[in-house]
There are 2 protein chains.
Amino acid sequence: MSSQHSYTNVDKRLVKSYFDSKIYIMTETAEIMKVNPDIQKERDAATIDMEELAVIIYGKEQLSKKRKLEDAVFNDPDYKCVPSAFLSREEEYEEGLRKSSLAVLKQSKLSDLIEDHKDIMAYNSVLASFGYPSFGLHQTMFIPTLERQCTSEQREKFLPLCYDYRIIGTYAQTELGHGTFLRGLETTAHYDPNTQEFILNSPTISSIKWWPGALGKTSTHAVVLAQLYTLGKCHGIHPFVVQLRSLDDHKPLRGITVGDIGPKMGFGPNDNGYLKLHKHRIPRTNMLMKYSQVSPDGTYTKPPRSTLTYGTMTFVRVLIVHGSAIALAKASTIAIRYSAVRRQSELRPGEPEPQILSYPTQQHKLFPLLATAYAFHFVQLAMMKIYTDVNDQINNSNFSRIQELHALSSGLKAFTSWVTNAGLEVCRMSCGGHGYSQASGFPRLYADFTPSCTYEGENTVLMLQSARYLVKCVRDARSGKTLPGTVSYLSEDVSAVHSGGSSGRDLSNLDFLISLYKQRASNQVHFASDKVDRGISAGMDLVGALNSASVHLVSAAKAHSHYFIAKTFVESLKLLKASSELQNVLHQLASVYVFEGIAQSSGDFIEDYILSGSEAKTIRQLAVDLLPLIRVNAVSLVDAFSFRDEVLQSVLGRYDGNVYENLFKWAQNSPLNKTDVHPSYHKYLGPLLKRNQSKL
Amino acid sequence: MSSQHSYTNVDKRLVKSYFDSKIYIMTETAEIMKVNPDIQKERDAATIDMEELAVIIYGKEQLSKKRKLEDAVFNDPDYKCVPSAFLSREEEYEEGLRKSSLAVLKQSKLSDLIEDHKDIMAYNSVLASFGYPSFGLHQTMFIPTLERQCTSEQREKFLPLCYDYRIIGTYAQTELGHGTFLRGLETTAHYDPNTQEFILNSPTISSIKWWPGALGKTSTHAVVLAQLYTLGKCHGIHPFVVQLRSLDDHKPLRGITVGDIGPKMGFGPNDNGYLKLHKHRIPRTNMLMKYSQVSPDGTYTKPPRSTLTYGTMTFVRVLIVHGSAIALAKASTIAIRYSAVRRQSELRPGEPEPQILSYPTQQHKLFPLLATAYAFHFVQLAMMKIYTDVNDQINNSNFSRIQELHALSSGLKAFTSWVTNAGLEVCRMSCGGHGYSQASGFPRLYADFTPSCTYEGENTVLMLQSARYLVKCVRDARSGKTLPGTVSYLSEDVSAVHSGGSSGRDLSNLDFLISLYKQRASNQVHFASDKVDRGISAGMDLVGALNSASVHLVSAAKAHSHYFIAKTFVESLKLLKASSELQNVLHQLASVYVFEGIAQSSGDFIEDYILSGSEAKTIRQLAVDLLPLIRVNAVSLVDAFSFRDEVLQSVLGRYDGNVYENLFKWAQNSPLNKTDVHPSYHKYLGPLLKRNQSKL
């Protein structure tokens, strides 16, 4: 437990000012510095070694690096600020800019900790806990796009400016009228051979660029996606580097209208922006020309493969799978710690109120989500490995797995973000009323996570893309082609699994259950595929048949993703080197994940006779029976995620469990509490109350 | 359509200033005043009469009253303000107070429209669209509690002050450490016979009152729930009227610490507050004594029936069922109107991009929720009728249906708020990125609705209460007792339904399908009940057996509520007087609701052999097949809910469908857009960008 020491290091000045304040004199004051005994009891009773598990999650070296970086950032008084919930949006924007600028300046002083690209990612993810960083898109979209799509001359020109933060860029793709459907974008870039310039225009209201992060007030430059016209012909969407603001005084350039799109559900500090282009001219050499070129005379050369230009998006989808795992891990941490501390109701008169973590209904809400957080962790590792492998192949001119990668990353991005999105709210609501307070950290966690379901490909659209690939695979298999790794099961005969009848089947055997997930996925894909075929037989074209089967296609892609996740979770555990008790407990988590997945979609399994009704009931009961076993280690299983209090920003999820006194302390920051009587009393409330005073 | 005329009455001054601004010169300006042709086309093609349906929903007289009240409020320039999304929380609080005070002062001038209690409710619900009203709890909790629990002397003393707004009160029940479990509240009221006063105290940190609306800065008084001690004995929770603030200067009284609990996920304008009592003395006569009394010498007299004191909560739960129907209707309106306007992707190259309302996947997201909004509307009517009937019986000293009412209202409150909560987010996400903007209205709609799942009884706790009653009914039935109306089916033999095998069953017959819902509910209740019995046979006490079966009990209560809702929807339509085409379309909606309910929980039905696997597949397909039929009237079905633009506060859900130009206009209000260059540039961004300028 020594590694957790710093978490309990409560700021003593704060505590002192808290006791000194007249408003708060209680009898239990002496207790406040201690860890809440209910949560301590959980940690003491755990059968696993939290630190062993933390090392498995992060890797020994990365965990140590993460902790050092967190110490460097969170122990630095320059970053201190009141909780963001108390700031107005303008203050949030300004505070985000302050911290982001500070982080750039401080990075050079951390050279012993930040040695490579991986370390920079780790540093940025520590900083991200302050809120959406002002230069996030500069780092994750603007620079990578330039790195991938610049010619060597362009690299030399642009990249040093970016790396030095002499310019700050964003990625302007989405328009008011077009998001997911890239080919529909309306912004135009007309080439003028006379001046060797492109003329950029927003020809309609719906063509105004809308949403790009940091576009409104921060960025000096943007990669703008526009329809390229040259010599009277349109060649589709291409990327252009556009300077937006003067590097002298930051004023928008002539022909550029930029601004903030207004408040959103979350992302308060970020100036998601709009951009309207009016006959704005840029040099020909500002078109990113690694793959396509326009020569000085206007001649267009098309890229060797169109898929190459969209690599960034696949990578970001892989990151969203990772982000889903993290968000669900955070939510589980807050909800499970609070559930260990919160006592409510009484079972029998006179008995102490139980910790709510002891109620079966609470366990049934939280433990499957805890298991899901672990499942997604192992899946994001597997997904990243596949991404890296395929990318290596592409670099060796082997393009055979691009479609498989695209389909898998699309399906997993959609599946994991949907499940996480719903799961975060289950965790919040499991904390009762206090979950609704900004003090819980949940409202911001949810508001900042939920756009993952929409950006980088809207989830339903991604599921359909994934499904179309699966349908194609079914056709390929029928025509004798060999299917690649993650879809090869579609050519297997899976009917054998259930032909043996139900007697003697071991329903607690995860390998056996995974084979049922496989069968369900295969059935659903073939069912949707047959539906498409029937549409074609009935006279539809392929597009029409796919469209009319789309509800079933989405189900098929979900079942495929679910199978991949369950399988990956179970197989990852087999490869782990861990103590037998930890293996045992992780196996319980995998079991709950696999059981609950069946219990919640039992219709899918029974409709196709993969399971009998009574078998489904048995599996549902197996899940319920596991809950009290998982409860023993629940707090340690979330402690192992190793989120510092500064990262969770949740009074309910505090490591020390001292929730109530800190809710009270937190509330004192509310701007409404600056005065005993709010100034508006004198304007409205007083006159109303006193208007009939003569009647008294 | 004439009744909708005022909706298109765009403020011409705004439009003018919009065209005059230099930032916005487009070619389509002449089009802006018109209704978007895509949404007009939907209205023109509808087969139902929107106005006929609106009258059915609201009743002719109420609809007319509603429209007049809305005209009175929304055409009154005194209420005008920038959209709340652009205000800081302090500004939101102040603006809420301003409008609420204004509304009180203006009410007397609307005496021709506001004649009875129903009209006041209608007036308040119009005002509620400005945000959570400052005096909401004064009206819905403080005054009703006084009306029910005051002696006649107390009524004379307190109520005139309340009605005249000479005092403003709230209802202080929840504490930091206790919400749903009332008996656990820790605030104490010790009676002192020497001075004939109660001494109120918050003895622990966890006993601080926490959450009551308008407690922090607004209220002068509160009904405080506290443990009553007299003559050395505790008599449990009782209500006391406590003055919090001076009526002269609004300062907190001695012994009273009040303040704002800080920002929440929603309810920005409301000062949900905390209250710490320190040896605060109130007169004996401030205990509400209609049911229990403490005499001057300290003698305690207990109430005739303990259930009588909790009537307010049941009523509020009935209101939440209504609130669920309204919230889902609003979300459906926004999402379906926007889906008619938004065009995206192309099916075949060269074809125009389809309205997203035409995609089967979009229909499959939205139409079942639209049907659910209608289902909940009819259910809230039925629930309110049962509430009124039972209340009439109680007033005639007939208490036989109190438990049934409590169980039904608990189950429906939980069921409808859960479904609505998830449904609002489905609607938001169905609008893609723009759903995430505060301009969509969704973030506020969700943030203000979601606490319905937690307050007035946490949903899981309510489901368990409902389930315990159902288990009791099973026992009563076995011992030969007759069960009351909504649960009488638990004593029926429902096995007959499926004994005939599956051939020849009409799966599109709603009465038949409702009998399957009944059977599912009955099976689930008996299954959970048997589980409890087995626990008892194994040596548990009843409490322990109920606790160990609680996951199954929640499922049973859900199935029971679901059956009641499906049945009520179908039966309500049979009693409607409507044109045959409208009957036809409402029948489609009921069908989608009933089909989808089975499709989404098919496991429940197949596990118990209520349906075969292939029948479940057939029903799922029936739901999908209905979607294009519903699409024809989808826009008119939401228009009939008759939400004015001022109520929806959604750029996406505008009646005129002119979304993009108004998103742009809306964004201009963003405080970040006050200057081209944000002031923080000079503090942070400029120095960062220029620090390496010498390198240029």
# chains A, B, ... in the order shown; residues from 1 in each chain; ligands from 1
call {"tool": "closest_atom_pairs", "arguments": {"of": "segment 281-358 of chain B", "to": "segment 225-235 of chain B", "cutoff": "9 Å", "atoms": "only C-alpha atoms", "output": "JSON lines"}}
result
{"residue": "B:Val294", "atom": "CA", "partner": "B:Thr230", "partner_atom": "CA", "distance": 8.0}
{"residue": "B:Asp297", "atom": "CA", "partner": "B:Leu231", "partner_atom": "CA", "distance": 8.9}
{"residue": "B:Gly298", "atom": "CA", "partner": "B:Thr230", "partner_atom": "CA", "distance": 5.8}
{"residue": "B:Thr299", "atom": "CA", "partner": "B:Thr230", "partner_atom": "CA", "distance": 7.3}
{"residue": "B:Tyr300", "atom": "CA", "partner": "B:Thr230", "partner_atom": "CA", "distance": 7.3}
{"residue": "B:Lys302", "atom": "CA", "partner": "B:His235", "partner_atom": "CA", "distance": 8.3}
call {"tool": "interface_residues", "arguments": {"of": "chain A", "to": "chain B", "cutoff": "6 Å", "atoms": "only C-alpha atoms", "output": "compact mmCIF listing (two decimals) with N, CA, C and O atoms, in the first residue's frame"}}
result
# COMPACT_ATOMS: atom_id res chain seq x y z
N SER A 88 -17.04 30.26 -14.62
CA SER A 88 -17.87 30.54 -15.79
C SER A 88 -17.15 29.99 -17.01
O SER A 88 -15.96 29.65 -16.95
N GLU A 94 -10.10 30.54 -20.22
CA GLU A 94 -8.86 31.23 -19.86
C GLU A 94 -7.96 30.33 -19.02
O GLU A 94 -6.74 30.27 -19.23
N ARG A 98 -4.25 28.97 -19.78
CA ARG A 98 -3.15 29.21 -18.84
C ARG A 98 -2.40 27.91 -18.56
O ARG A 98 -1.18 27.84 -18.69
N TYR A 165 5.47 25.55 -31.13
CA TYR A 165 4.29 26.36 -30.76
C TYR A 165 4.44 27.80 -31.23
O TYR A 165 4.03 28.73 -30.55
N ARG A 166 5.05 27.99 -32.42
CA ARG A 166 5.03 29.32 -33.01
C ARG A 166 3.74 29.49 -33.80
O ARG A 166 3.30 30.59 -34.04
N PHE A 181 -20.52 12.08 -43.41
CA PHE A 181 -20.44 11.85 -44.86
C PHE A 181 -19.47 12.85 -45.49
O PHE A 181 -19.83 13.96 -45.88
N ILE A 261 -18.61 28.42 -31.22
CA ILE A 261 -19.97 27.97 -31.55
C ILE A 261 -20.91 27.98 -30.36
O ILE A 261 -22.07 27.59 -30.47
N GLY A 262 -20.44 28.43 -29.20
CA GLY A 262 -21.31 28.50 -28.03
C GLY A 262 -21.18 27.28 -27.14
O GLY A 262 -20.52 26.30 -27.51
N PRO A 263 -21.81 27.34 -25.97
CA PRO A 263 -21.64 26.27 -24.99
C PRO A 263 -22.22 24.95 -25.45
O PRO A 263 -23.20 24.89 -26.19
N LYS A 264 -21.60 23.89 -24.97
CA LYS A 264 -22.03 22.54 -25.28
C LYS A 264 -22.40 21.83 -24.00
O LYS A 264 -22.35 22.41 -22.92
N MET A 265 -22.71 20.55 -24.11
CA MET A 265 -23.02 19.75 -22.93
C MET A 265 -21.79 19.66 -22.02
O MET A 265 -21.90 19.66 -20.81
N SER A 345 -30.41 2.75 4.79
CA SER A 345 -31.52 1.84 5.11
C SER A 345 -31.11 0.85 6.19
O SER A 345 -29.95 0.75 6.56
N THR A 361 -28.56 -5.57 -5.30
CA THR A 361 -28.94 -4.75 -6.45
C THR A 361 -27.81 -3.77 -6.81
O THR A 361 -27.59 -3.50 -7.99
N GLY A 432 -26.95 7.75 -5.98
CA GLY A 432 -28.08 8.52 -5.47
C GLY A 432 -27.94 10.00 -5.79
O GLY A 432 -27.30 10.38 -6.77
N TYR A 436 -25.45 13.43 -8.61
CA TYR A 436 -25.94 14.51 -9.49
C TYR A 436 -25.19 15.81 -9.24
O TYR A 436 -25.21 16.72 -10.07
N SER A 437 -24.53 15.91 -8.08
CA SER A 437 -23.74 17.12 -7.80
C SER A 437 -22.47 17.12 -8.65
O SER A 437 -21.88 16.07 -8.91
N GLN A 438 -22.05 18.30 -9.06
CA GLN A 438 -20.77 18.39 -9.77
C GLN A 438 -19.63 17.91 -8.88
O GLN A 438 -18.57 17.54 -9.37
N PRO A 443 -20.95 14.31 -13.55
CA PRO A 443 -21.52 15.11 -14.65
C PRO A 443 -20.47 15.49 -15.70
O PRO A 443 -20.72 15.38 -16.89
N THR A 454 -20.34 9.99 -31.05
CA THR A 454 -20.72 10.73 -32.24
C THR A 454 -19.53 11.11 -33.11
O THR A 454 -19.57 10.96 -34.33
N VAL A 551 -31.35 -2.36 -39.90
CA VAL A 551 -31.57 -2.62 -38.47
C VAL A 551 -30.92 -3.95 -38.07
O VAL A 551 -30.28 -4.06 -37.03
N SER A 602 -30.39 -12.55 -23.68
CA SER A 602 -30.68 -13.99 -23.73
C SER A 602 -31.53 -14.36 -24.93
O SER A 602 -31.40 -15.45 -25.48
N GLY A 603 -32.40 -13.43 -25.36
CA GLY A 603 -33.23 -13.70 -26.53
C GLY A 603 -32.41 -14.11 -27.74
O GLY A 603 -32.75 -15.07 -28.44
N GLU A 607 -33.43 -17.68 -29.13
CA GLU A 607 -34.18 -17.67 -30.40
C GLU A 607 -33.58 -18.63 -31.40
O GLU A 607 -34.29 -19.27 -32.17
N GLY A 613 -34.03 -22.20 -22.68
CA GLY A 613 -34.52 -21.23 -21.71
C GLY A 613 -33.98 -21.50 -20.31
O GLY A 613 -33.56 -20.58 -19.61
N ALA A 667 -18.65 22.75 -1.16
CA ALA A 667 -19.76 23.67 -1.44
C ALA A 667 -19.43 25.11 -1.06
O ALA A 667 -20.01 26.05 -1.62
N SER A 670 -18.91 27.73 -3.75
CA SER A 670 -19.96 28.20 -4.66
C SER A 670 -20.03 29.71 -4.68
O SER A 670 -20.11 30.35 -3.62
N SER A 680 -29.03 39.82 -5.44
CA SER A 680 -30.29 39.90 -6.18
C SER A 680 -31.50 39.99 -5.23
O SER A 680 -32.59 40.37 -5.66
N TYR A 684 -35.10 41.83 -6.34
CA TYR A 684 -36.34 41.12 -6.66
C TYR A 684 -37.06 40.53 -5.45
O TYR A 684 -38.25 40.73 -5.27
N LEU A 689 -41.35 40.19 -1.16
CA LEU A 689 -41.73 39.77 0.20
C LEU A 689 -42.36 40.93 0.97
O LEU A 689 -43.26 40.74 1.78
call {"tool": "select_by_dssp", "arguments": {"residues": "segment 653-692 of chain A", "states": "helix (DSSP H, G or I)", "output": "NGL selection string"}}
result
:A and (659-667 or 671-673 or 680-690)
call {"tool": "closest_atom_pairs", "arguments": {"of": "segment 24-84 of chain A", "to": "segment 566-580 of chain A", "cutoff": "10 Å", "atoms": "only C-alpha atoms", "output": "CSV"}}
result
residue,atom,partner,partner_atom,distance
A:Ile48,CA,A:Ser579,CA,8.7
A:Asp49,CA,A:Ser579,CA,9.0
A:Glu52,CA,A:Ala578,CA,7.8
A:Leu53,CA,A:Ala578,CA,8.2
A:Ile56,CA,A:Ala578,CA,8.0
call {"tool": "residues_around", "arguments": {"residues": "Phe267 of chain A", "least_positions_apart": "2", "cutoff": "6 Å", "atoms": "only C-alpha atoms", "output": "ChimeraX atom specification"}}
result
/A:269-270,448
call {"tool": "atom_distance", "arguments": {"atom1": "atom CA of Gly323 of chain B", "atom2": "atom CA of Thr420 of chain B"}}
result
9.5 Å
call {"tool": "residues_around", "arguments": {"residues": "Leu159 of chain A", "least_positions_apart": "5", "cutoff": "8 Å", "atoms": "only C-alpha atoms", "output": "count of residues only"}}
result
4
call {"tool": "select_by_dssp", "arguments": {"residues": "segment 31-248 of chain B", "states": "strand (DSSP E or B)", "output": "PyMOL selection string"}}
result
chain B and resi 169-172+175+178+188-192+197-201+209-210+221-230+233-243+245
call {"tool": "residues_around", "arguments": {"residues": "Ala382 of chain B", "least_positions_apart": "4", "cutoff": "10 Å", "atoms": "only C-alpha atoms", "output": "list in words"}}
result
Phe376, His377, Phe378, Ile386, Tyr387, Thr388, Ile565, Thr568, Phe569 and Ser572 of chain B
